[in-house]
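To start, the structure under review is shown below, and the notes come after it.
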Amino acid sequence: MEYRQLGNAGLRVPVLSLGTGTFGGTNDFFKKWGETDVAEATRLIDICLERGVNFFDTANVYSFGAAEQILGAALKGKRSEALISTKAGFMMGSNTNDSGASRYHLIREVEASLRRLATDYIDVYFIHAFDPLTPVEETLAALDHLVASGKVRYIGCSNFTAWQVMKSLATSEKYGLARYIVYQGYYSLIGREYEWELMPMAKDQNIGLMVWSALGWGRLTGKIRPGQPLGEGRIKSGGAAGGPEVSDEYLFNVISALDEVAAETGKSIPQVAINWLLQRPTVSNVVIGARNEKQLIENLDAVGWSLTAEQVTKLEAASDQKKIYPHWVGMR
């Protein structure tokens with residue numbers, strides 16, 4: 001397994017991590033992603049550790065805490081071998097303060113996550129989305145307190161715009177507070193908007209990227225074909241709900257290119273799609289998901305080899321997206 005620095009921090013992580021969105025499935029939304037229980041999760045985690053993948057990503061909102069509980073149980077006796085990232089920010093109850101990035105909410109949610117994960121520290125703690133109602137200074141001061149207390153090792157942000165990240169970094173610098181070292185964001189061969197503004201910002205500020213939904217909400221599994229019924233999987237079960245729209249014409253053009261490269265390399269479509277991401281600037285880690293052992297092993301085999309320059313060019317030509325203003329304006 002290859003390891004990389006997580007942004008400009010001293011922490012080294014494997015280029016793949018296991019996401020736990022499939023753990024639990026205790027409500028209608030997450031049931032469409034998967035219903036992995038403790039026994040299944042334990043087997044998946046053991047396979048990861050055997051292959052050098054010691055990084056596990058979760059969030060408090062995944063099955064409203066059940067994913068964290070299952071991850072904690074599956075890592076019992078193995079916590080010292082693992083890195084855990086989790087997140088907070090989305091609604092966790094019906095009360096006014098049950099969401100957001102306020103000091104009140106974050107400190108409460110860290111304590112709840114620690115209990116569910118059965119650990120006394122979190123390696124990487126993410127703000128799951130930008131909170132427009134809480135001052136950035138309050139959020140970062142709360143995170144700095146959590147780092148100083150030893151309950152959190154590093155902090156990151158997810159689903160922010162570039163200006164929101166920059167405002168946060170400037171605030172950290174101004175007040176000497178803990179700094180975001182990593183950005184977790186959506187990036188795939190059918191979702192390349194990250195390249196327009198977030199990637200240049202991440203390169204300039206030396207922030208690492210953890211990619212989520214590397215297979216485009218399940219659309220890049222090879223199961224979606226022109227004129228064919230949907231194969232069993234996340235899309236058929238309704239798991240694409242909430243994801244970005246993708247036209248059939250664009251999707252099938254990308255899949256055609258993936259088919260060609262997969263044939264040339266002897267790899268699967270998901271493996272090619274993940275390998276392409278690992279060759280992109282700023283990428284520190286790709287979060288992979290798996291409903292079962294077979295899917296996990298296939299995704300783990302996306303590493304240990306590289307696409308050629310010609311294959312990368314073919315994939316990028318097929319997946320090119322028309323830029324919005326002002327990104328199509330430039331001197332060079």
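Order determines the names: the first chain of the structure tokens is A, the second B, and so forth; residues in each chain are numbered 1 upward, and ligands are numbered 1 upward as they are shown.
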Can you list, as JSON, numbers by chain, all residues belonging to region 119-293 of chain A that DSSP tags as helix (DSSP H, G or I)?
-> {"A": [136, 137, 138, 139, 140, 141, 142, 143, 144, 145, 146, 147, 148, 162, 163, 164, 165, 166, 167, 168, 169, 170, 171, 172, 173, 174, 175, 193, 194, 195, 198, 199, 200, 201, 202, 203, 204, 205, 248, 249, 250, 251, 252, 253, 254, 255, 256, 257, 258, 259, 260, 261, 262, 263, 264, 265, 269, 270, 271, 272, 273, 274, 275, 276, 277, 278, 293]}
Which of region 67-293 of chain A counts as strand (DSSP E) under DSSP, as a VMD selection string please?
-> chain A and resid 83 to 88 122 to 127 152 to 158 180 to 186 208 to 212 283 to 288
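Near region 71-84 of chain A, within a cut-off of 7 Å and counting only C-alpha atoms, sit the residues Val38, Ala41, Thr42, Asn54, Phe55, Phe56, Asp57, Ala67, Arg116, Leu117, Ala118, Ile122, Asp123 and Val124 of chain A, with same-chain residues fewer than 4 positions away left out.
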Would you write out, as a Markdown table, a table of all residues in region 196-265 of chain A that have an atom no more than 7 Å from an atom of region 180-192 of chain A, listing for each the closest atom pair and the distance in Å to one decimal, considering only C-alpha atoms and ordering rows by chain and rising residue number?
| residue | atom | partner | partner_atom | distance |
| --- | --- | --- | --- | --- |
| A:Ile207 | CA | A:Val182 | CA | 5.2 |
| A:Gly208 | CA | A:Val182 | CA | 4.7 |
| A:Leu209 | CA | A:Tyr183 | CA | 5.0 |
| A:Met210 | CA | A:Gln184 | CA | 4.5 |
| A:Val211 | CA | A:Gly185 | CA | 5.3 |
| A:Trp212 | CA | A:Tyr186 | CA | 5.0 |
| A:Ser213 | CA | A:Tyr186 | CA | 6.0 |
| A:Ala214 | CA | A:Ser188 | CA | 4.9 |
| A:Leu215 | CA | A:Ser188 | CA | 6.2 |
| A:Gly216 | CA | A:Ser188 | CA | 5.7 |
| A:Leu251 | CA | A:Ile190 | CA | 7.0 |
Point out the residue among A:Lys223, A:Cys48, A:Glu193, A:Asn60 with the least atom-to-atom distance to Leu16 (chain A), counting only C-alpha atoms.
->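 Of A:Lys223, A:Cys48, A:Glu193, A:Asn60, the one nearest Leu16 (chain A), counting only C-alpha atoms, is A:Cys48.
Look at Ser99 (chain A): the protein and nucleic acid residues within 12 Å of it, using only C-alpha atoms and passing over chain neighbours fewer than 3 places away, are Asn60, Val61, Lys87, Ala88, Gly89, Phe90, Met91, Met92, Gly93, Ser94, Asn95, Thr96, Ser102, Arg103, Tyr104, His105, Leu106, Ile107, Arg108, Glu109, Ile127, His128, Ala129, Phe130, Asp131, Pro132, Leu133 and Thr134 of chain A.
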Can you work out the spacing between CA of Asn292 (chain A) and CA of Asp259 (chain A) in Å, to one decimal?
->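 Atom-to-atom, CA of Asn292 (chain A) and CA of Asp259 (chain A) are spaced 23.5 Å apart.
Straight-line separation from CA of Thr282 (chain A) to CA of Asn8 (chain A): 10.7 Å.
One finds CA of Tyr62 (chain A) at 9.4 Å from CA of Phe29 (chain A).
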Surrounding residues of Arg291 (chain A) excluding itself and chain neighbours under 6 positions, 8 Å, only C-alpha atoms, as an mmCIF file with N, CA and C atoms, in the first residue's frame:
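part-v6.cif, written as the output of this step:
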data_model
loop_
_atom_site.group_PDB
_atom_site.id
_atom_site.type_symbol
_atom_site.label_atom_id
_atom_site.label_comp_id
_atom_site.auth_asym_id
_atom_site.auth_seq_id
_atom_site.Cartn_x
_atom_site.Cartn_y
_atom_site.Cartn_z
ATOM 1 N N THR A 22 -21.993 2.629 4.496
ATOM 2 C CA THR A 22 -22.794 1.404 4.362
ATOM 3 C C THR A 22 -23.030 0.708 5.696
ATOM 4 N N TRP A 33 -27.754 2.686 0.941
ATOM 5 C CA TRP A 33 -26.299 2.574 0.771
ATOM 6 C C TRP A 33 -25.815 1.193 1.189
ATOM 7 N N GLY A 34 -26.389 0.645 2.273
ATOM 8 C CA GLY A 34 -25.977 -0.660 2.760
ATOM 9 C C GLY A 34 -26.473 -0.885 4.171
ATOM 10 N N GLU A 35 -26.355 -2.132 4.635
ATOM 11 C CA GLU A 35 -26.804 -2.493 5.985
ATOM 12 C C GLU A 35 -25.758 -3.368 6.678
ATOM 13 N N THR A 36 -24.507 -2.990 6.566
ATOM 14 C CA THR A 36 -23.413 -3.767 7.140
ATOM 15 C C THR A 36 -23.507 -3.801 8.662
#
May I have the residues within 12 Å of region 260-266 of chain A as a PyMOL selection string, using only C-alpha atoms and disregarding those fewer than 2 positions away in the same chain?
-> chain A and resi 221-222+253-258+268-276+301-302+305-316+318
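Residue nearest Gly156 (chain A) within the list A:Ala290, A:Ala141, A:Ile224, A:Leu6: A:Leu6 [criterion: smallest interatomic distance, only C-alpha atoms].
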Find the residues around Tyr3 (chain A) up to 8 Å (only C-alpha atoms counted), leave out those fewer than 3 positions away in its own chain, and share them as a PyMOL selection string.
-> chain A and resi 12-15
Taking N, CA and C atoms for each residue, export the selection above as a PDB file, in the first residue's frame.
ATOM      1  N   ARG A  12       0.891  10.512   8.018  1.00  0.00           N
ATOM      2  CA  ARG A  12       0.914   9.756   6.766  1.00  0.00           C
ATOM      3  C   ARG A  12      -0.257   8.790   6.757  1.00  0.00           C
ATOM      4  N   VAL A  13      -0.937   8.734   5.622  1.00  0.00           N
ATOM      5  CA  VAL A  13      -2.136   7.904   5.505  1.00  0.00           C
ATOM      6  C   VAL A  13      -2.038   7.042   4.253  1.00  0.00           C
ATOM      7  N   PRO A  14      -2.707   5.894   4.238  1.00  0.00           N
ATOM      8  CA  PRO A  14      -2.749   5.107   3.006  1.00  0.00           C
ATOM      9  C   PRO A  14      -3.546   5.870   1.949  1.00  0.00           C
ATOM     10  N   VAL A  15      -3.275   5.601   0.680  1.00  0.00           N
ATOM     11  CA  VAL A  15      -3.965   6.330  -0.380  1.00  0.00           C
ATOM     12  C   VAL A  15      -5.428   5.922  -0.479  1.00  0.00           C
TER      13      VAL A  15
END
A:Asp248, A:Asn27, A:Arg153, A:Ser319 ranked by distance to Gly10 (chain A), top pick (using only C-alpha atoms) | A:Arg153
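Distances here use only C-alpha atoms; by that measure, the residue among A:Pro229, A:Tyr250, A:Asp120, A:Ser17 closest to Ala317 (chain A) is A:Tyr250.
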Smallest atom-to-atom distance to Glu50 (chain A): which of A:Ile155, A:Met1, A:Arg179, A:Leu114, using only C-alpha atoms?
->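 Distance minimum relative to Glu50 (chain A) lands on A:Met1.
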